[in-house]
>>> print(open('coords.cif').read())   # mmCIF, C-alpha atoms
data_input
#
loop_
_atom_site.label_atom_id
_atom_site.label_comp_id
_atom_site.auth_asym_id
_atom_site.auth_seq_id
_atom_site.Cartn_x
_atom_site.Cartn_y
_atom_site.Cartn_z
CA MET A 76 -32.32 -78.81 50.13
CA SER A 77 -31.16 -77.21 53.33
CA ASN A 78 -31.02 -73.84 51.59
CA SER A 79 -34.61 -73.08 50.62
CA SER A 80 -33.81 -69.85 48.75
CA VAL A 81 -31.54 -71.68 46.32
CA HIS A 82 -34.21 -74.33 45.88
CA THR A 83 -36.98 -71.91 44.91
CA GLU A 84 -34.59 -70.11 42.54
CA ASP A 85 -34.04 -73.38 40.66
CA HIS A 86 -37.65 -74.39 40.73
CA ASN A 87 -38.35 -73.57 37.09
CA PRO A 88 -38.26 -76.96 35.34
CA TYR A 89 -37.10 -75.34 32.10
CA LEU A 90 -33.99 -73.84 33.70
CA ALA A 91 -30.97 -76.02 32.98
CA HIS A 92 -28.76 -76.57 36.03
CA HIS A 93 -25.73 -74.83 34.51
CA PHE A 94 -27.56 -71.50 34.13
CA GLN A 95 -28.28 -69.09 36.95
CA SER A 96 -31.51 -67.68 35.56
CA MET A 97 -33.89 -68.04 32.62
CA GLU A 98 -32.65 -64.68 31.41
CA GLN A 99 -29.08 -65.96 31.21
CA GLN A 100 -30.24 -69.19 29.57
CA GLU A 101 -32.24 -67.34 26.92
CA GLU A 102 -29.40 -64.91 26.24
CA SER A 103 -27.02 -67.85 25.75
CA SER A 104 -29.43 -69.54 23.34
CA VAL A 105 -29.82 -66.41 21.22
CA LEU A 106 -26.06 -65.78 21.16
CA GLY A 107 -25.39 -69.37 20.15
CA MET A 108 -27.90 -69.09 17.33
CA TRP A 109 -26.33 -65.86 16.08
CA LEU A 110 -22.94 -67.55 16.15
CA PHE A 111 -24.39 -70.29 13.95
CA LEU A 112 -25.89 -67.65 11.66
CA ALA A 113 -22.48 -65.93 11.42
CA GLN A 114 -21.17 -69.25 10.14
CA GLU A 115 -24.05 -69.30 7.64
CA ILE A 116 -23.04 -65.82 6.45
CA MET A 117 -19.53 -67.18 5.85
CA PHE A 118 -21.00 -70.11 3.91
CA PHE A 119 -23.25 -68.01 1.68
CA GLY A 120 -20.62 -65.24 1.65
CA GLY A 121 -18.30 -67.32 -0.50
CA LEU A 122 -21.07 -67.84 -3.04
CA PHE A 123 -21.99 -64.14 -3.05
CA LEU A 124 -18.32 -63.26 -3.52
CA ALA A 125 -18.04 -65.62 -6.50
CA TYR A 126 -21.20 -64.05 -7.89
CA SER A 127 -19.82 -60.51 -7.47
CA VAL A 128 -16.48 -61.24 -9.15
CA MET A 129 -18.09 -63.08 -12.08
CA ARG A 130 -20.70 -60.39 -12.50
CA ALA A 131 -18.01 -57.69 -12.61
CA LYS A 132 -16.04 -59.66 -15.21
CA TYR A 133 -18.86 -61.01 -17.43
CA PHE A 134 -21.58 -58.40 -17.10
CA ASP A 135 -23.00 -59.00 -20.63
CA ALA A 136 -23.65 -62.66 -19.82
CA TRP A 137 -25.29 -61.60 -16.57
CA ILE A 138 -27.75 -59.29 -18.34
CA THR A 139 -28.65 -61.96 -20.93
CA GLY A 140 -29.02 -64.65 -18.29
CA SER A 141 -31.03 -62.46 -15.93
CA HIS A 142 -33.46 -61.41 -18.68
CA SER A 143 -34.29 -65.07 -19.34
CA LEU A 144 -35.52 -65.44 -15.73
CA ASP A 145 -39.17 -64.64 -15.00
CA VAL A 146 -39.38 -61.67 -12.62
CA ARG A 147 -43.04 -62.42 -11.85
CA ILE A 148 -42.20 -65.86 -10.44
CA GLY A 149 -39.33 -64.37 -8.45
CA ALA A 150 -41.63 -61.66 -7.09
CA ILE A 151 -44.36 -64.15 -6.15
CA ASN A 152 -41.78 -66.25 -4.32
CA THR A 153 -40.46 -63.16 -2.53
CA ILE A 154 -43.98 -62.36 -1.33
CA ILE A 155 -44.45 -65.97 -0.19
CA LEU A 156 -41.20 -65.90 1.79
CA LEU A 157 -41.95 -62.54 3.41
CA LEU A 158 -45.38 -63.86 4.44
CA SER A 159 -43.77 -66.99 5.89
CA SER A 160 -41.36 -64.80 7.88
CA PHE A 161 -44.38 -62.91 9.22
CA SER A 162 -46.12 -66.15 10.20
CA VAL A 163 -43.00 -67.37 12.03
CA ALA A 164 -42.84 -64.05 13.89
CA MET A 165 -46.50 -64.52 14.83
CA ALA A 166 -45.77 -68.11 15.95
CA VAL A 167 -43.15 -66.68 18.33
CA TYR A 168 -45.68 -64.13 19.60
CA TYR A 169 -48.37 -66.78 20.21
CA THR A 170 -45.83 -69.03 21.97
CA GLN A 171 -44.80 -66.16 24.24
CA THR A 172 -48.42 -65.38 25.04
CA GLY A 173 -49.33 -69.05 25.56
CA LYS A 174 -51.87 -69.41 22.75
CA LYS A 175 -51.24 -72.98 21.66
CA ARG A 176 -53.82 -73.30 18.88
CA GLN A 177 -52.72 -70.12 17.11
CA MET A 178 -49.06 -71.04 17.56
CA ILE A 179 -49.56 -74.41 15.85
CA SER A 180 -51.63 -72.79 13.09
CA CYS A 181 -48.82 -70.29 12.41
CA LEU A 182 -46.23 -73.08 12.28
CA PHE A 183 -48.39 -74.98 9.78
CA ILE A 184 -48.91 -71.83 7.69
CA THR A 185 -45.13 -71.33 7.64
CA MET A 186 -44.64 -74.89 6.46
CA GLY A 187 -47.32 -74.48 3.78
CA LEU A 188 -45.81 -71.25 2.46
CA GLY A 189 -42.35 -72.83 2.40
CA ILE A 190 -43.66 -75.81 0.42
CA ALA A 191 -45.45 -73.42 -1.97
CA PHE A 192 -42.15 -71.56 -2.50
CA LEU A 193 -40.28 -74.76 -3.34
CA ALA A 194 -43.09 -76.09 -5.54
CA ILE A 195 -43.10 -72.88 -7.59
CA LYS A 196 -39.31 -72.99 -7.79
CA TRP A 197 -39.30 -76.59 -8.95
CA PHE A 198 -42.25 -76.65 -11.36
CA PHE A 199 -42.00 -73.14 -12.83
CA GLU A 200 -38.26 -72.49 -12.69
CA TYR A 201 -35.97 -75.52 -12.47
CA MET A 202 -37.99 -78.02 -14.52
CA PRO A 203 -38.81 -75.81 -17.55
CA LYS A 204 -35.18 -74.62 -17.66
CA ILE A 205 -33.72 -78.10 -17.47
CA ASN A 206 -36.18 -79.33 -20.12
CA HIS A 207 -35.08 -76.52 -22.43
CA GLY A 208 -31.40 -77.27 -22.09
CA ILE A 209 -30.66 -74.44 -19.69
CA PHE A 210 -28.41 -76.35 -17.36
CA PRO A 211 -24.64 -75.78 -17.26
CA GLY A 212 -22.33 -78.61 -18.23
CA SER A 213 -22.70 -81.31 -20.87
CA ALA A 214 -26.51 -80.89 -20.93
CA TRP A 215 -26.12 -77.23 -21.97
CA SER A 216 -28.08 -76.52 -25.17
CA PRO A 217 -30.43 -73.58 -24.57
CA GLU A 218 -33.48 -73.58 -26.83
CA TYR A 219 -34.25 -69.88 -26.26
CA THR A 220 -32.79 -67.82 -29.10
CA ALA A 221 -31.77 -64.99 -26.76
CA LEU A 222 -29.54 -67.43 -24.88
CA ALA A 223 -28.43 -69.53 -27.85
CA ALA A 224 -27.39 -66.41 -29.80
CA PHE A 225 -25.16 -65.11 -27.02
CA PRO A 226 -21.55 -65.26 -28.27
CA GLU A 227 -19.83 -66.39 -25.07
CA GLN A 228 -21.76 -69.50 -24.04
CA GLY A 229 -19.24 -70.38 -21.32
CA ASN A 230 -19.85 -67.11 -19.46
CA LEU A 231 -23.59 -67.65 -19.72
CA GLN A 232 -23.16 -71.11 -18.22
CA LEU A 233 -21.29 -69.50 -15.32
CA PHE A 234 -24.34 -67.35 -14.61
CA PHE A 235 -26.61 -70.39 -14.56
CA TYR A 236 -24.10 -72.39 -12.57
CA LEU A 237 -24.23 -69.75 -9.82
CA TYR A 238 -28.01 -69.46 -10.23
CA TYR A 239 -28.54 -73.17 -9.60
CA VAL A 240 -26.00 -73.43 -6.78
CA MET A 241 -27.11 -70.32 -4.89
CA THR A 242 -30.89 -70.77 -5.22
CA GLY A 243 -30.40 -74.53 -4.71
CA MET A 244 -28.45 -73.98 -1.47
CA HIS A 245 -31.16 -71.58 -0.37
CA ALA A 246 -33.81 -74.23 -1.15
CA LEU A 247 -31.78 -76.84 0.75
CA HIS A 248 -31.82 -74.57 3.79
CA MET A 249 -35.60 -74.40 3.54
CA ILE A 250 -35.84 -78.19 3.36
CA VAL A 251 -33.72 -78.41 6.54
CA GLY A 252 -36.14 -75.86 8.01
CA PHE A 253 -39.07 -78.18 7.25
CA GLY A 254 -37.40 -80.89 9.34
CA ILE A 255 -36.98 -78.53 12.30
CA LEU A 256 -40.51 -77.22 11.78
CA THR A 257 -41.94 -80.77 11.91
CA VAL A 258 -40.18 -81.41 15.23
CA LEU A 259 -41.48 -78.08 16.59
CA ILE A 260 -45.07 -78.87 15.55
CA VAL A 261 -44.92 -82.29 17.24
CA MET A 262 -43.46 -80.70 20.39
CA ALA A 263 -46.11 -77.97 20.30
CA PHE A 264 -48.88 -80.59 20.17
CA LYS A 265 -47.30 -82.23 23.23
CA ASN A 266 -47.56 -78.91 25.13
CA LYS A 267 -43.80 -78.46 25.33
CA PHE A 268 -43.91 -74.70 24.70
CA GLY A 269 -45.44 -71.79 26.51
CA PRO A 270 -44.65 -68.35 27.94
CA GLN A 271 -42.04 -69.99 30.21
CA TYR A 272 -40.31 -71.87 27.44
CA PHE A 273 -40.41 -70.51 23.90
CA MET A 274 -36.75 -70.53 22.87
CA PRO A 275 -36.92 -73.43 20.35
CA VAL A 276 -39.62 -71.58 18.38
CA MET A 277 -37.70 -68.32 18.68
CA LEU A 278 -34.42 -69.87 17.47
CA PHE A 279 -36.15 -71.55 14.55
CA GLY A 280 -37.57 -68.10 13.77
CA LEU A 281 -34.04 -66.66 13.64
CA TYR A 282 -33.00 -69.42 11.22
CA TRP A 283 -36.05 -68.94 9.00
CA HIS A 284 -35.64 -65.15 8.91
CA PHE A 285 -31.98 -65.59 7.96
CA VAL A 286 -32.97 -67.81 5.03
CA ASP A 287 -35.42 -65.04 4.08
CA ILE A 288 -32.58 -62.48 4.15
CA VAL A 289 -30.54 -64.63 1.75
CA TRP A 290 -33.48 -64.62 -0.66
CA VAL A 291 -33.88 -60.84 -0.27
CA PHE A 292 -30.40 -60.54 -1.82
CA LEU A 293 -30.75 -63.38 -4.33
CA PHE A 294 -33.90 -61.87 -5.84
CA PRO A 295 -32.44 -58.55 -7.15
CA LEU A 296 -29.06 -60.11 -7.92
CA PHE A 297 -30.46 -62.81 -10.22
CA TYR A 298 -33.80 -61.51 -11.48
CA LEU A 299 -33.16 -57.79 -11.76
CA VAL A 300 -29.82 -57.31 -13.53
CA THR A 301 -30.13 -54.22 -15.75
CA MET B 260 -40.71 -66.73 37.15
CA SER B 261 -43.49 -64.24 36.76
CA GLU B 262 -41.39 -61.35 35.47
CA GLN B 263 -40.97 -60.96 31.73
CA HIS B 264 -37.45 -61.78 30.56
CA HIS B 265 -37.96 -61.41 26.90
CA HIS B 266 -39.54 -58.51 25.12
CA ILE B 267 -42.81 -59.54 23.46
CA VAL B 268 -43.19 -57.74 20.14
CA SER B 269 -46.79 -56.90 19.28
CA PRO B 270 -48.51 -58.35 16.17
CA LYS B 271 -49.10 -54.77 15.01
CA THR B 272 -45.34 -54.13 14.85
CA TYR B 273 -44.81 -57.36 12.93
CA PHE B 274 -47.59 -56.47 10.51
CA ILE B 275 -46.29 -52.94 9.83
CA ASN B 276 -42.87 -54.48 9.23
CA LEU B 277 -44.40 -56.90 6.72
CA ILE B 278 -46.09 -54.02 4.86
CA VAL B 279 -42.80 -52.05 4.76
CA LEU B 280 -41.02 -55.12 3.38
CA MET B 281 -43.67 -55.54 0.66
CA ILE B 282 -43.36 -51.87 -0.36
CA LEU B 283 -39.57 -52.19 -0.51
CA MET B 284 -39.95 -55.28 -2.69
CA LEU B 285 -42.18 -53.38 -5.13
CA LEU B 286 -39.57 -50.58 -5.18
CA THR B 287 -36.83 -53.10 -6.07
CA ILE B 288 -38.86 -54.44 -8.99
CA ALA B 289 -39.72 -50.93 -10.19
CA ALA B 290 -36.06 -49.87 -10.04
CA GLY B 291 -35.00 -53.05 -11.81
CA ARG B 292 -37.62 -53.25 -14.54
CA LEU B 293 -38.93 -49.76 -15.39
CA GLU B 294 -37.02 -47.91 -18.10
CA VAL B 295 -37.30 -44.57 -16.25
CA PHE B 296 -35.12 -45.94 -13.49
CA HIS B 297 -32.36 -47.18 -15.77
CA PHE B 298 -29.44 -44.84 -15.20
CA ASN B 299 -26.27 -46.88 -15.49
CA PRO B 300 -25.44 -50.40 -14.33
CA ALA B 301 -23.40 -49.27 -11.31
CA ILE B 302 -26.10 -46.89 -10.00
CA ASN B 303 -28.81 -49.51 -10.54
CA LEU B 304 -26.77 -52.08 -8.62
CA ILE B 305 -26.31 -49.60 -5.77
CA ILE B 306 -30.07 -48.88 -5.71
CA ALA B 307 -30.92 -52.61 -5.70
CA LEU B 308 -28.41 -53.36 -2.93
CA THR B 309 -29.52 -50.37 -0.84
CA ILE B 310 -33.13 -51.58 -0.94
CA ALA B 311 -32.02 -55.15 -0.15
CA PHE B 312 -29.99 -53.78 2.78
CA ALA B 313 -33.02 -51.85 4.07
CA LYS B 314 -35.12 -55.03 3.85
CA MET B 315 -32.40 -56.96 5.68
CA MET B 316 -32.38 -54.38 8.49
CA CYS B 317 -36.19 -54.58 8.80
CA ILE B 318 -35.96 -58.36 9.13
CA ILE B 319 -33.01 -58.35 11.56
CA LEU B 320 -34.23 -55.54 13.83
CA ILE B 321 -37.95 -56.39 14.03
CA PHE B 322 -38.56 -60.01 13.01
CA MET B 323 -35.34 -61.26 14.60
CA HIS B 324 -35.82 -59.06 17.72
CA VAL B 325 -32.29 -57.65 17.60
CA ARG B 326 -33.66 -54.16 18.33
CA TRP B 327 -34.71 -55.36 21.79
CA SER B 328 -31.71 -57.64 22.37
CA SER B 329 -28.56 -57.16 24.44
CA LYS B 330 -25.48 -55.29 23.23
CA LEU B 331 -23.65 -58.61 23.04
CA THR B 332 -26.27 -59.91 20.59
CA TRP B 333 -25.73 -56.80 18.46
CA VAL B 334 -22.00 -57.59 18.36
CA PHE B 335 -22.63 -61.23 17.41
CA ALA B 336 -25.17 -60.26 14.75
CA GLY B 337 -22.94 -57.55 13.31
CA ALA B 338 -19.73 -59.61 13.29
CA GLY B 339 -20.83 -61.95 10.52
CA PHE B 340 -21.93 -59.16 8.19
CA PHE B 341 -18.82 -57.11 8.98
CA TRP B 342 -16.67 -60.10 8.07
CA PHE B 343 -18.51 -60.37 4.76
CA LEU B 344 -17.90 -56.68 4.04
CA ILE B 345 -14.16 -57.14 4.69
CA MET B 346 -14.03 -60.11 2.32
CA ILE B 347 -15.83 -58.25 -0.48
CA VAL B 348 -13.79 -55.04 -0.14
CA ILE B 349 -10.40 -56.72 0.01
CA THR B 350 -11.21 -59.06 -2.89
CA PHE B 351 -12.29 -56.16 -5.09
CA THR B 352 -9.22 -54.10 -4.25
CA ASP B 353 -7.58 -56.81 -6.36
CA TYR B 354 -10.14 -57.45 -9.13
CA LEU B 355 -11.07 -53.82 -9.75
CA THR B 356 -7.49 -52.56 -9.85
CA ARG B 357 -5.97 -55.10 -12.22
CA GLY B 358 -4.42 -53.28 -15.16
CA TRP B 359 -3.93 -50.07 -13.21
CA HIS B 360 -0.41 -48.72 -13.58
CA SER B 361 1.64 -47.86 -10.57
CA PRO B 362 2.82 -44.23 -10.53
CA PHE B 363 6.03 -45.36 -8.84
CA THR B 364 7.40 -47.59 -11.56
CA THR B 365 8.97 -46.05 -14.64
CA PRO B 366 8.89 -47.72 -18.02
CA PHE B 367 12.69 -47.58 -18.26
#
>>> encode(input="coords.cif", output="structure tokens")
Amino acid sequence: MSNSSVHTEDHNPYLAHHFQSMEQQEESSVLGMWLFLAQEIMFFGGLFLAYSVMRAKYFDAWITGSHSLDVRIGAINTIILLLSSFSVAMAVYYTQTGKKRQMISCLFITMGLGIAFLAIKWFFEYMPKINHGIFPGSAWSPEYTALAAFPEQGNLQLFFYLYYVMTGMHALHMIVGFGILTVLIVMAFKNKFGPQYFMPVMLFGLYWHFVDIVWVFLFPLFYLVT
Amino acid sequence: MSEQHHHIVSPKTYFINLIVLMILMLLTIAAGRLEVFHFNPAINLIIALTIAFAKMMCIILIFMHVRWSSKLTWVFAGAGFFWFLIMIVITFTDYLTRGWHSPFTTPF
């Protein structure tokens, strides 16, 4: 209070007291988020490693399993996810430029595209497969001749085990994203964000883009085995 | 707080990035599904992973703003993927070499 220069420096209401400047605060936020994403790489990394080893060992089962998946649905979902990544990027842009209405629209579009992705996954992929006995474990009794005729059913089940776990974990991450997105939309309506304070939107963007990256690898690895 | 701390990426850049990503996705499908592109499983896997890697770099550098971020962010972003590479390589030095015979042991 006696030192006016210090006071004006700390005037920004968004600057937490333990940071010296907004720049330092933003840098810390981004680094923290990347640290979290590194942990996410370790989490998905184990699954991708299991996939790689099993694929190298049981390649025949992988080809048979992959050919029973519908590339068109996978491609449509890839397009949907890439579009949702674009809309998140645009939400960040509109937050940084202080355009509230467009920012909220972009967040809603992202949510809508994410729900479309999961709906397609559930109604056109998981449900038909489960109904036709394509689910590893005791329920395993595939009705498709290409799958039923495969000599090593256990290896084929391994493929579908990894398919369900990896795409399911990816879907779970999107559902978590919906929760964060809902909070962001409510905060955006309450005028919490603007050019001075956009980090929550930006960090959610990093998370959403990371989930997109996981799908970028899942798509060729499951749908396009040749 | 009038000065700009964070680089604002233009919608045009985002849009071009989206188009590039879509083209790369079409390439992946073409390489995976068209008979002309079927060489052998290993080459096809390398093609698919190279395209996926290119898509990942587009997303990380442009959408995730790493291109305009500090060197420290580059290190944090790279560390996770580098760790993953180490895990894959070391695991496969085992799985891919099982059954190889050591030149230093004699059958006697």
>>> resolve_selection(input="coords.cif", expression="the PyMOL selection byres ((chain A and resi 102) around 12)", output="ChimeraX atom specification")
/A:94-101,103-109,274,277-278 /B:264-265,325,327-333,335
>>> residues_around(input="coords.cif", residues="range 156-158 of chain A", least_positions_apart="6", cutoff="12 Å", atoms="only C-alpha atoms", output="PyMOL selection string")
(chain A and resi 149-150+164-165+181+184-193+195+245-246+249+283-291+294) or (chain B and resi 273-274+276-284+314-315+317-318+322)
>>> residues_around(input="coords.cif", residues="Gly243 in chain A", least_positions_apart="2", cutoff="12 Å", atoms="all atoms listed in the file", output="ChimeraX atom specification")
/A:119,122,193,196-197,200-201,235-241,245-250,289-290,293
>>> write_last_selection(input="coords.cif", atoms="C-alpha atoms", output="tab-separated table (two decimals), keeping the file's coordinate frame")
chain	number	residue	atom	x	y	z
A	119	PHE	CA	-23.25	-68.01	1.68
A	122	LEU	CA	-21.07	-67.84	-3.04
A	193	LEU	CA	-40.28	-74.76	-3.34
A	196	LYS	CA	-39.31	-72.99	-7.79
A	197	TRP	CA	-39.30	-76.59	-8.95
A	200	GLU	CA	-38.26	-72.49	-12.69
A	201	TYR	CA	-35.97	-75.52	-12.47
A	235	PHE	CA	-26.61	-70.39	-14.56
A	236	TYR	CA	-24.10	-72.39	-12.57
A	237	LEU	CA	-24.23	-69.75	-9.82
A	238	TYR	CA	-28.01	-69.46	-10.23
A	239	TYR	CA	-28.54	-73.17	-9.60
A	240	VAL	CA	-26.00	-73.43	-6.78
A	241	MET	CA	-27.11	-70.32	-4.89
A	245	HIS	CA	-31.16	-71.58	-0.37
A	246	ALA	CA	-33.81	-74.23	-1.15
A	247	LEU	CA	-31.78	-76.84	0.75
A	248	HIS	CA	-31.82	-74.57	3.79
A	249	MET	CA	-35.60	-74.40	3.54
A	250	ILE	CA	-35.84	-78.19	3.36
A	289	VAL	CA	-30.54	-64.63	1.75
A	290	TRP	CA	-33.48	-64.62	-0.66
A	293	LEU	CA	-30.75	-63.38	-4.33
>>> resolve_selection(input="coords.cif", expression="the PyMOL selection byres ((chain A and resi 126-143) around 8)", output="PyMOL selection string")
(chain A and resi 122-125+144-145+221-222+225+227+230-231+233-235+237+297-301) or (chain B and resi 351+354)
>>> closest_residue(input="coords.cif", among="A:Ala263, A:Ile155, A:Leu281, A:Ala223", to="chain B", atoms="only C-alpha atoms")
A:Leu281
>>> atom_distance(input="coords.cif", atom1="CA of Pro300 in chain B", atom2="CA of Pro211 in chain A")
25.6 Å
>>> atom_distance(input="coords.cif", atom1="CA of Leu355 in chain B", atom2="CA of Ala301 in chain B")
13.2 Å
>>> atom_distance(input="coords.cif", atom1="CA of Ile349 in chain B", atom2="CA of Asn299 in chain B")
24.3 Å
>>> residues_near_point(input="coords.cif", point="(-22.1, -70.4, 8.9)", cutoff="12 Å", atoms="only C-alpha atoms", output="ChimeraX atom specification")
/A:107-121,248,282,285-286 /B:338-340,342-343
>>> build_atoms(input="coords.cif", residues="range 136-145 of chain A", atoms="all heavy atoms", output="short mmCIF file (atom, residue, chain, number, x, y, z; two decimals), in the frame of the given file")
data_model
loop_
_atom_site.label_atom_id
_atom_site.label_comp_id
_atom_site.auth_asym_id
_atom_site.auth_seq_id
_atom_site.Cartn_x
_atom_site.Cartn_y
_atom_site.Cartn_z
N ALA A 136 -23.02 -61.36 -20.03
CA ALA A 136 -23.65 -62.66 -19.82
C ALA A 136 -24.68 -62.56 -18.69
O ALA A 136 -25.74 -63.21 -18.75
CB ALA A 136 -22.59 -63.70 -19.47
N TRP A 137 -24.37 -61.74 -17.71
CA TRP A 137 -25.29 -61.60 -16.57
C TRP A 137 -26.61 -60.96 -17.00
O TRP A 137 -27.68 -61.38 -16.58
CB TRP A 137 -24.61 -60.77 -15.46
CG TRP A 137 -24.28 -61.59 -14.26
CD1 TRP A 137 -24.74 -61.41 -13.01
CD2 TRP A 137 -23.41 -62.74 -14.20
NE1 TRP A 137 -24.23 -62.37 -12.17
CE2 TRP A 137 -23.41 -63.19 -12.87
CE3 TRP A 137 -22.64 -63.44 -15.14
CZ2 TRP A 137 -22.68 -64.31 -12.45
CZ3 TRP A 137 -21.91 -64.54 -14.73
CH2 TRP A 137 -21.94 -64.97 -13.41
N ILE A 138 -26.52 -59.94 -17.86
CA ILE A 138 -27.75 -59.29 -18.34
C ILE A 138 -28.58 -60.29 -19.15
O ILE A 138 -29.78 -60.46 -18.91
CB ILE A 138 -27.40 -58.06 -19.21
CG1 ILE A 138 -26.79 -56.97 -18.34
CG2 ILE A 138 -28.65 -57.53 -19.91
CD1 ILE A 138 -26.35 -55.75 -19.12
N THR A 139 -27.93 -60.99 -20.10
CA THR A 139 -28.65 -61.96 -20.93
C THR A 139 -29.28 -63.05 -20.07
O THR A 139 -30.46 -63.40 -20.26
CB THR A 139 -27.69 -62.58 -21.96
OG1 THR A 139 -26.98 -61.53 -22.60
CG2 THR A 139 -28.44 -63.40 -22.98
N GLY A 140 -28.50 -63.59 -19.15
CA GLY A 140 -29.02 -64.65 -18.29
C GLY A 140 -30.18 -64.17 -17.44
O GLY A 140 -31.22 -64.83 -17.34
N SER A 141 -30.00 -63.00 -16.83
CA SER A 141 -31.03 -62.46 -15.93
C SER A 141 -32.33 -62.21 -16.68
O SER A 141 -33.42 -62.47 -16.15
CB SER A 141 -30.55 -61.17 -15.29
OG SER A 141 -31.57 -60.59 -14.53
N HIS A 142 -32.24 -61.71 -17.94
CA HIS A 142 -33.46 -61.41 -18.68
C HIS A 142 -34.24 -62.67 -19.06
O HIS A 142 -35.43 -62.58 -19.38
CB HIS A 142 -33.13 -60.59 -19.94
CG HIS A 142 -32.92 -59.14 -19.60
ND1 HIS A 142 -32.93 -58.14 -20.53
CD2 HIS A 142 -32.70 -58.52 -18.42
CE1 HIS A 142 -32.73 -56.98 -19.95
NE2 HIS A 142 -32.57 -57.18 -18.66
N SER A 143 -33.56 -63.83 -19.03
CA SER A 143 -34.29 -65.07 -19.34
C SER A 143 -35.04 -65.60 -18.12
O SER A 143 -35.84 -66.52 -18.24
CB SER A 143 -33.32 -66.13 -19.87
OG SER A 143 -32.61 -66.69 -18.79
N LEU A 144 -34.79 -65.01 -16.92
CA LEU A 144 -35.52 -65.44 -15.73
C LEU A 144 -36.83 -64.65 -15.64
O LEU A 144 -36.90 -63.50 -16.06
CB LEU A 144 -34.69 -65.19 -14.47
CG LEU A 144 -33.34 -65.90 -14.39
CD1 LEU A 144 -32.63 -65.50 -13.11
CD2 LEU A 144 -33.50 -67.41 -14.44
N ASP A 145 -37.85 -65.28 -15.09
CA ASP A 145 -39.17 -64.64 -15.00
C ASP A 145 -39.29 -63.85 -13.69
O ASP A 145 -39.34 -64.44 -12.61
CB ASP A 145 -40.26 -65.72 -15.07
CG ASP A 145 -41.63 -65.10 -15.32
OD1 ASP A 145 -41.81 -63.92 -14.99
OD2 ASP A 145 -42.50 -65.81 -15.85
#
